[in-house]
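Below is one structure; the comments refer to it alone.
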Amino acid sequence: MKEEVISRRTFLRTGIMCAGSISLAYPLLFSEAAPAFQSAPGGLDAEFPVKEAMYYKQLEDLRVECLLCPRNCKVADRERGYCGVRENRGGKYYTLVHSRVCTMHIDPIEKKPFFHYLSGTNGYSIATAGCNIECKFCQNWQISQFRPEQVENIKLTPEDVVKYARENGCPTIAYTYSEPVVFYEYMYDTARLGKEKGIGSVMVSNGYIKEEPLKELCKYLSAVKIDFKAFTEKFYKETCSGELKPVLDTLITLKKIGIWFEIVVLIIPTLNDTDKELKEMCGWIKENLGPDVPIHFSRYYPTYKIKNIPPTPVATLEKARKIAMDAGLNYPYIGNVPGHEGESTFCPHCHKIAIKRVGYTILHNSIKNGKCGDCQHPISGVWQL
């Protein structure tokens, strides 16, 4: 389902950290000892100190080249990269969003969605402003397509995030909502500290990142979810202002590293839903990533710049799931259709339901020690940290 964001104004009005129309039944994110809001219109460094970026190189005339994502932005002095959250100051490149959080919430881990990672637990979810692509169907464009000084923020250090995750019974911190790659240093510092303290970290990303920073980051992550937009360069170029190949490279790198990852494909009618494309995508996944990578075919709803296309027919999602099964993928799912059987995890050996889901609620989970409770066949995933 659509992940929404929170404003400082909403927090002050309700006294609870919640996201838009999301139910108020979730636990409070902060204890009484939590720091007060640190509003900083205009991005005052006094309240949100900048930090030098980890991946860039200096060029002539005080210019720099960003080495974090495939864009390789070349940035003049006092200018920013495409993402809008990294700035060249006198030949040094800085991130402006370290510890500068614009939305946070406690979410079921299934909402990310992760279906094979600590199923039934919660993730302490955080985000900053910014993104390194622009999807015309973005659900969280109010933060992803804005600069940090254009949204209201609070200061949460890595120590704060780890502390509040523990206090609220969240075994995992989720970097989500916008694009975590653009707040790489913040995610890196938080994940590393979390790992030291026994708290896992998952990145919910578009996969638009270079190999070296990805490998370094994965030392401290527990799992990754990649939003796989489509299987054509045309879609990435025209609908996302990006490229397909770097995302394919990221998926292959994740496979080589051996970290757990899942894939989500938002199916948009007429844009990425042909049988041919879905068959080619599933074939590529089976050949390059293996049969056990979960793939979630998610229902699109009109938003942001694409409002003239109706929601995805459920039949289209069912077709995609069948194509994935026919291609030999063991764990294809249907998303954003609460109550559909495609939300549940089926054992690929005995074909019985191993995890029964309705929306984000777990009704039944027979998996024990990573195996099907009926036939003892291994069910791939991360079932304990």
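Every chain in the structure tokens has a letter given in the order shown (A, B, ...), and although residue numbers restart at 1 in each chain, ligands are simply numbered from 1 in the order shown.
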Segment 173-187 of chain A surroundings by only C-alpha atoms, 6 Å radius, close-in-sequence under 2 positions cut, as a PyMOL selection string:
chain A and resi 98+123-127+131+144+189-191+201-205
Would you mind listing what lies within 8 Å of Val50 of chain A as an MDAnalysis selection string, with only C-alpha atoms counted and same-chain residues fewer than 6 positions away left out?
chainID A and resid 94:98
Hey, what's within 9 Å of Pro294 of chain A if we count only C-alpha atoms and toss same-chain stuff fewer than 5 positions away? As a PDB file with N, CA and C atoms, in the first residue's frame, please?
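What follows is the written file part-v8.pdb:
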ATOM      1  N   PHE A 114       8.884  -6.680   2.856  1.00  0.00           N
ATOM      2  CA  PHE A 114       9.747  -7.842   3.037  1.00  0.00           C
ATOM      3  C   PHE A 114       8.861  -8.979   3.520  1.00  0.00           C
ATOM      4  N   PHE A 115       8.804 -10.065   2.762  1.00  0.00           N
ATOM      5  CA  PHE A 115       7.989 -11.221   3.143  1.00  0.00           C
ATOM      6  C   PHE A 115       8.837 -12.387   3.650  1.00  0.00           C
ATOM      7  N   HIS A 116      10.140 -12.287   3.455  1.00  0.00           N
ATOM      8  CA  HIS A 116      11.041 -13.364   3.883  1.00  0.00           C
ATOM      9  C   HIS A 116      12.111 -12.827   4.833  1.00  0.00           C
ATOM     10  N   PHE A 261      17.822 -10.254  -0.425  1.00  0.00           N
ATOM     11  CA  PHE A 261      17.132  -9.142  -1.074  1.00  0.00           C
ATOM     12  C   PHE A 261      15.855  -9.631  -1.727  1.00  0.00           C
ATOM     13  N   GLU A 262      14.913  -8.701  -1.838  1.00  0.00           N
ATOM     14  CA  GLU A 262      13.648  -8.961  -2.492  1.00  0.00           C
ATOM     15  C   GLU A 262      13.410  -7.874  -3.538  1.00  0.00           C
ATOM     16  N   ILE A 263      12.526  -8.160  -4.480  1.00  0.00           N
ATOM     17  CA  ILE A 263      12.275  -7.262  -5.612  1.00  0.00           C
ATOM     18  C   ILE A 263      10.795  -6.900  -5.652  1.00  0.00           C
ATOM     19  N   VAL A 264      10.517  -5.634  -5.921  1.00  0.00           N
ATOM     20  CA  VAL A 264       9.144  -5.174  -6.126  1.00  0.00           C
ATOM     21  C   VAL A 264       9.024  -4.552  -7.512  1.00  0.00           C
ATOM     22  N   LEU A 329      10.251 -19.210 -10.780  1.00  0.00           N
ATOM     23  CA  LEU A 329      10.497 -18.428  -9.578  1.00  0.00           C
ATOM     24  C   LEU A 329       9.613 -18.961  -8.447  1.00  0.00           C
ATOM     25  N   ASN A 330      10.220 -19.195  -7.302  1.00  0.00           N
ATOM     26  CA  ASN A 330       9.532 -19.891  -6.217  1.00  0.00           C
ATOM     27  C   ASN A 330       8.624 -19.013  -5.363  1.00  0.00           C
ATOM     28  N   TYR A 331       8.906 -17.697  -5.347  1.00  0.00           N
ATOM     29  CA  TYR A 331       8.177 -16.851  -4.410  1.00  0.00           C
ATOM     30  C   TYR A 331       7.643 -15.582  -5.075  1.00  0.00           C
ATOM     31  N   PRO A 332       6.681 -15.720  -6.001  1.00  0.00           N
ATOM     32  CA  PRO A 332       6.058 -14.533  -6.603  1.00  0.00           C
ATOM     33  C   PRO A 332       4.846 -14.103  -5.776  1.00  0.00           C
ATOM     34  N   TYR A 333       4.694 -12.798  -5.594  1.00  0.00           N
ATOM     35  CA  TYR A 333       3.626 -12.264  -4.755  1.00  0.00           C
ATOM     36  C   TYR A 333       2.817 -11.210  -5.498  1.00  0.00           C
TER      37      TYR A 333
END
Tell me which protein, DNA and RNA residues are within 6 Å of segment 353-369 of chain A, counting only C-alpha atoms, leaving out same-chain ones fewer than 3 positions away, and put them as a PyMOL selection string.
chain A and resi 110+338-339+343-347+372-373
According to DSSP computed on the backbone, where in segment 52-178 of chain A is there alpha helix (DSSP H)? Give the residues as a list in words.
Trp141, Gln142, Ile143, Ser144, Pro158, Glu159, Asp160, Val161, Val162, Lys163, Tyr164, Ala165, Arg166 and Glu167 of chain A
Could you save the residues just selected, with C-alpha atoms, as a tab-separated table (two decimals), in the first residue's frame?
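Okay, out07.tsv is ready:
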chain	number	residue	atom	x	y	z
A	141	TRP	CA	7.06	12.71	-4.21
A	142	GLN	CA	6.36	15.31	-1.49
A	143	ILE	CA	9.71	14.39	0.07
A	144	SER	CA	11.62	12.55	-2.66
A	158	PRO	CA	22.38	7.54	14.50
A	159	GLU	CA	22.52	7.09	18.27
A	160	ASP	CA	18.95	8.42	18.55
A	161	VAL	CA	17.64	6.11	15.85
A	162	VAL	CA	19.21	3.00	17.34
A	163	LYS	CA	17.98	3.98	20.80
A	164	TYR	CA	14.37	4.53	19.71
A	165	ALA	CA	14.31	1.37	17.60
A	166	ARG	CA	15.32	-0.63	20.67
A	167	GLU	CA	12.92	1.20	23.01
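Between atom CA of Gly91 of chain A and atom CA of Gly242 of chain A lies a distance of 26.6 Å.
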